[in-house]
file query-v4.csv (CSV, C-alpha atoms)
chain,number,residue,atom,x,y,z
A,1,MET,CA,17.8,-14.9,8.8
A,2,ILE,CA,14.6,-16.0,7.2
A,3,PRO,CA,13.9,-13.9,4.1
A,4,ARG,CA,10.7,-11.8,4.2
A,5,ASP,CA,8.0,-12.5,1.6
A,6,LEU,CA,7.3,-8.8,0.8
A,7,THR,CA,6.3,-7.5,-2.6
A,8,PHE,CA,5.9,-3.8,-3.4
A,9,VAL,CA,3.9,-2.8,-6.4
A,10,LEU,CA,4.1,0.8,-7.6
A,11,GLY,CA,2.6,2.7,-10.5
A,12,GLY,CA,0.6,5.7,-11.6
A,13,ALA,CA,-3.1,6.1,-11.7
A,14,ARG,CA,-4.8,3.4,-13.8
A,15,SER,CA,-1.4,1.7,-14.4
A,16,GLY,CA,-2.7,-1.8,-13.4
A,17,LYS,CA,-1.0,-1.9,-10.0
A,18,SER,CA,-4.0,-3.1,-8.1
A,19,LEU,CA,-4.9,-5.7,-10.6
A,20,HIS,CA,-1.3,-7.0,-10.7
A,21,ALA,CA,-1.2,-7.1,-6.9
A,22,GLU,CA,-4.5,-9.0,-6.8
A,23,ARG,CA,-3.2,-11.5,-9.3
A,24,LEU,CA,-0.1,-12.0,-7.2
A,25,ALA,CA,-2.2,-12.6,-4.1
A,26,SER,CA,-4.5,-15.1,-5.9
A,27,GLU,CA,-1.5,-16.9,-7.2
A,28,SER,CA,0.0,-17.2,-3.7
A,29,GLY,CA,-2.3,-20.1,-2.9
A,30,PHE,CA,-2.8,-18.7,0.6
A,31,PRO,CA,-5.9,-17.3,2.2
A,32,VAL,CA,-6.0,-13.5,1.5
A,33,THR,CA,-6.9,-10.6,3.6
A,34,TYR,CA,-7.3,-7.3,1.7
A,35,ILE,CA,-6.4,-4.3,3.9
A,36,ALA,CA,-8.2,-1.2,2.5
A,37,THR,CA,-6.8,2.1,3.6
A,38,ALA,CA,-9.3,4.4,1.8
A,39,ARG,CA,-11.8,6.7,3.5
A,40,ILE,CA,-14.8,7.2,1.3
A,41,ALA,CA,-15.5,10.9,1.1
A,42,ASP,CA,-17.9,11.3,-1.8
A,43,ASP,CA,-20.2,9.3,-4.2
A,44,GLU,CA,-17.6,9.1,-7.0
A,45,PHE,CA,-15.0,7.6,-4.8
A,46,ALA,CA,-17.6,5.2,-3.3
A,47,GLU,CA,-18.2,4.0,-6.9
A,48,ARG,CA,-14.4,3.4,-7.3
A,49,VAL,CA,-14.3,1.4,-4.1
A,50,ALA,CA,-17.3,-0.6,-5.1
A,51,HIS,CA,-15.7,-1.4,-8.5
A,52,HIS,CA,-12.6,-2.6,-6.7
A,53,ARG,CA,-14.7,-4.8,-4.4
A,54,GLU,CA,-16.5,-6.4,-7.3
A,55,GLN,CA,-13.2,-7.3,-8.9
A,56,ARG,CA,-11.8,-9.1,-5.9
A,57,PRO,CA,-12.7,-12.8,-5.1
A,58,SER,CA,-15.6,-13.0,-2.7
A,59,HIS,CA,-13.8,-15.4,-0.4
A,60,TRP,CA,-11.1,-12.8,0.5
A,61,LYS,CA,-11.4,-11.2,3.9
A,62,LEU,CA,-11.6,-7.4,4.1
A,63,HIS,CA,-10.0,-5.3,6.8
A,64,GLU,CA,-10.3,-1.5,6.7
A,65,ALA,CA,-7.3,0.4,8.2
A,66,PRO,CA,-7.4,4.1,7.3
A,67,VAL,CA,-4.9,5.0,10.1
A,68,ASP,CA,-3.5,2.1,12.1
A,69,LEU,CA,-2.0,0.1,9.3
A,70,ALA,CA,0.8,-1.4,11.5
A,71,GLY,CA,-1.9,-2.6,14.0
A,72,ALA,CA,-3.9,-4.2,11.2
A,73,VAL,CA,-0.8,-6.0,9.7
A,74,ALA,CA,0.2,-7.3,13.2
A,75,ALA,CA,-3.3,-8.5,13.9
A,76,ILE,CA,-3.7,-10.4,10.6
A,77,ASP,CA,-0.2,-11.6,9.7
A,78,ALA,CA,0.4,-15.3,10.0
A,79,PRO,CA,2.5,-17.9,8.3
A,80,GLY,CA,0.7,-19.3,5.2
A,81,HIS,CA,-1.4,-16.2,4.9
A,82,CYS,CA,-1.3,-13.3,2.3
A,83,ILE,CA,-2.1,-9.7,3.1
A,84,LEU,CA,-2.7,-7.3,0.3
A,85,ILE,CA,-2.4,-3.6,1.3
A,86,ASP,CA,-4.1,-1.2,-1.1
A,87,CYS,CA,-2.7,1.4,-0.8
A,88,LEU,CA,-0.1,3.5,0.9
A,89,THR,CA,-1.1,6.6,-1.1
A,90,LEU,CA,-4.5,6.8,0.5
A,91,TRP,CA,-3.1,5.8,3.9
A,92,LEU,CA,-0.6,8.7,3.8
A,93,ALA,CA,-3.4,11.1,2.7
A,94,ASN,CA,-5.4,10.0,5.7
A,95,LEU,CA,-2.5,10.8,8.0
A,96,LEU,CA,-1.7,14.2,6.4
A,97,CYS,CA,-5.2,15.3,5.7
A,98,PRO,CA,-7.6,14.2,8.5
A,99,PRO,CA,-11.3,14.2,7.5
A,100,ASP,CA,-12.4,16.9,9.9
A,101,ASP,CA,-10.0,19.5,8.3
A,102,THR,CA,-7.9,19.6,11.5
A,103,PRO,CA,-4.1,19.9,11.1
A,104,PRO,CA,-2.4,16.5,11.0
A,105,ALA,CA,-1.4,15.1,14.3
A,106,GLY,CA,2.2,14.3,15.2
A,107,GLU,CA,1.3,10.6,14.8
A,108,LEU,CA,2.8,10.5,11.3
A,109,HIS,CA,6.3,10.1,12.8
A,110,THR,CA,5.2,7.2,15.0
A,111,LEU,CA,2.8,5.5,12.5
A,112,LEU,CA,5.3,5.3,9.7
A,113,PRO,CA,8.1,3.5,11.7
A,114,ALA,CA,5.4,1.3,13.3
A,115,PHE,CA,4.3,0.2,9.8
A,116,GLU,CA,7.9,-0.5,8.7
A,117,ALA,CA,8.4,-2.6,11.9
A,118,ALA,CA,5.3,-4.6,11.1
A,119,LEU,CA,6.7,-5.3,7.6
A,120,VAL,CA,10.1,-6.3,9.1
A,121,SER,CA,8.5,-8.8,11.5
A,122,ALA,CA,6.0,-10.2,9.0
A,123,ARG,CA,5.7,-14.0,9.0
A,124,GLY,CA,3.3,-14.3,6.0
A,125,LYS,CA,3.2,-13.0,2.5
A,126,ILE,CA,2.6,-9.3,2.2
A,127,ILE,CA,1.9,-7.3,-1.0
A,128,VAL,CA,1.9,-3.5,-0.7
A,129,VAL,CA,0.5,-1.2,-3.4
A,130,SER,CA,1.4,2.5,-3.7
A,131,ASN,CA,1.3,5.2,-6.3
A,132,GLU,CA,4.4,6.7,-7.8
A,133,ILE,CA,3.5,10.4,-8.0
A,134,GLY,CA,6.9,12.0,-8.1
A,135,LEU,CA,7.5,11.8,-11.9
A,136,GLY,CA,5.9,15.1,-12.7
A,137,VAL,CA,6.6,18.8,-12.0
A,138,VAL,CA,7.2,20.1,-8.5
A,139,PRO,CA,3.8,21.1,-7.1
A,140,LEU,CA,3.1,24.8,-6.4
A,141,GLY,CA,1.4,24.4,-3.1
A,142,ALA,CA,3.2,23.7,0.2
A,143,ALA,CA,0.7,21.0,1.3
A,144,THR,CA,1.0,19.2,-2.0
A,145,ARG,CA,4.8,19.4,-2.0
A,146,LEU,CA,4.8,17.9,1.5
A,147,TYR,CA,2.5,15.1,0.4
A,148,VAL,CA,4.6,14.3,-2.7
A,149,ASP,CA,7.8,14.4,-0.6
A,150,GLU,CA,6.5,12.2,2.2
A,151,LEU,CA,5.1,9.6,-0.2
A,152,GLY,CA,8.4,9.5,-2.1
A,153,ARG,CA,10.2,8.9,1.2
A,154,LEU,CA,7.7,6.3,2.3
A,155,ASN,CA,7.9,4.5,-1.0
A,156,GLN,CA,11.7,4.5,-0.8
A,157,ARG,CA,11.6,3.0,2.7
A,158,VAL,CA,9.1,0.3,1.8
A,159,ALA,CA,11.1,-0.6,-1.4
A,160,ALA,CA,14.2,-1.0,0.6
A,161,LEU,CA,12.5,-3.5,2.9
A,162,CYS,CA,10.9,-5.5,0.1
A,163,PRO,CA,12.9,-8.2,-1.8
A,164,GLN,CA,10.5,-7.8,-4.7
A,165,VAL,CA,9.6,-4.5,-6.3
A,166,THR,CA,7.6,-4.0,-9.5
A,167,MET,CA,6.6,-0.8,-11.3
A,168,MET,CA,3.4,-0.9,-13.4
A,169,VAL,CA,3.3,1.1,-16.5
A,170,ALA,CA,0.4,0.8,-19.0
A,171,GLY,CA,-0.6,-2.5,-17.5
A,172,LEU,CA,2.9,-3.9,-17.9
A,173,PRO,CA,5.0,-5.0,-14.9
A,174,LEU,CA,8.5,-3.7,-14.9
A,175,VAL,CA,10.6,-5.6,-12.3
A,176,LEU,CA,12.8,-3.2,-10.4
A,177,LYS,CA,14.1,-5.6,-7.8
A,178,THR,CA,14.0,-9.4,-7.3
A,179,PRO,CA,15.3,-11.5,-4.3
A,180,ALA,CA,18.5,-12.2,-6.3
A,181,THR,CA,19.2,-8.4,-6.5
A,182,ALA,CA,17.9,-7.5,-3.1
call {"tool": "encode", "arguments": {"input": "query-v4.csv", "output": "structure tokens"}}
result
Amino acid sequence: MIPRDLTFVLGGARSGKSLHAERLASESGFPVTYIATARIADDEFAERVAHHREQRPSHWKLHEAPVDLAGAVAAIDAPGHCILIDCLTLWLANLLCPPDDTPPAGELHTLLPAFEAALVSARGKIIVVSNEIGLGVVPLGAATRLYVDELGRLNQRVAALCPQVTMMVAGLPLVLKTPATA
């Protein structure tokens, strides 16, 4: 079996996870496509997205995938190519909290396995970014508990698939898993 070139970068808000993932993508030497999962809902968030765009190399391609992440990976993936997905946290929020305030569709239970399958069949280098939000107190609201639980489960599944997992804390990479320990 050919080992997959998958890297998972976790961390809290402003931990340096995106910057670290971008550095890994740049160092790969491959052409890079950045898959953005965010939906811009307000001016403040638009400024955050603009800041991220300014920090990325201008020659990187951009693909926006707020819902069909598996389809985006399948369409872009190729040997000798790097995909940087930033981030699972926003992607899951899009699935659980649709923009029109309608209840989430049942597609969550088909889109998550489809994304995992896309990672398993990847032929190029893929770097996945996600927040670690489960280190605090248990949230009081049912919707927030559901989100924290689902993100924790998603992070566990992706970490299990990735030979390399790094946790960012205060801008410092803490290696949790390497191919030798996979």
call {"tool": "atom_distance", "arguments": {"input": "query-v4.csv", "atom1": "CA of Ala21 in chain A", "atom2": "CA of Val165 in chain A"}}
result
11.1 Å
call {"tool": "closest_residue", "arguments": {"input": "query-v4.csv", "among": "A:Pro163, A:Pro173, A:Gly141, A:Gly80", "to": "Thr7 in chain A", "atoms": "only C-alpha atoms"}}
result
A:Pro163
call {"tool": "atom_distance", "arguments": {"input": "query-v4.csv", "atom1": "CA of Val67 in chain A", "atom2": "CA of Ser130 in chain A"}}
result
15.4 Å
call {"tool": "residues_near_point", "arguments": {"input": "query-v4.csv", "point": "(-3.1, -9.0, -5.8)", "cutoff": "10 Å", "atoms": "all atoms listed in the file", "output": "PyMOL selection string"}}
result
chain A and resi 9+17-28+32+34+56+82-86+126-129
call {"tool": "atom_distance", "arguments": {"input": "query-v4.csv", "atom1": "CA of Met168 in chain A", "atom2": "CA of Gly16 in chain A"}}
result
6.2 Å
call {"tool": "closest_atom_pairs", "arguments": {"input": "query-v4.csv", "of": "range 16-87 of chain A", "to": "range 102-122 of chain A", "cutoff": "9 Å", "atoms": "all atoms listed in the file", "output": "Markdown table"}}
result
| residue | atom | partner | partner_atom | distance |
| --- | --- | --- | --- | --- |
| A:Val67 | CA | A:Leu111 | CA | 8.1 |
| A:Asp68 | CA | A:Leu111 | CA | 7.2 |
| A:Leu69 | CA | A:Phe115 | CA | 6.3 |
| A:Ala70 | CA | A:Phe115 | CA | 4.2 |
| A:Gly71 | CA | A:Phe115 | CA | 8.0 |
| A:Val73 | CA | A:Ala118 | CA | 6.4 |
| A:Ala74 | CA | A:Ala118 | CA | 6.1 |
| A:Asp77 | CA | A:Ala122 | CA | 6.4 |
| A:Ala78 | CA | A:Ala122 | CA | 7.6 |
| A:Pro79 | CA | A:Ala122 | CA | 8.5 |
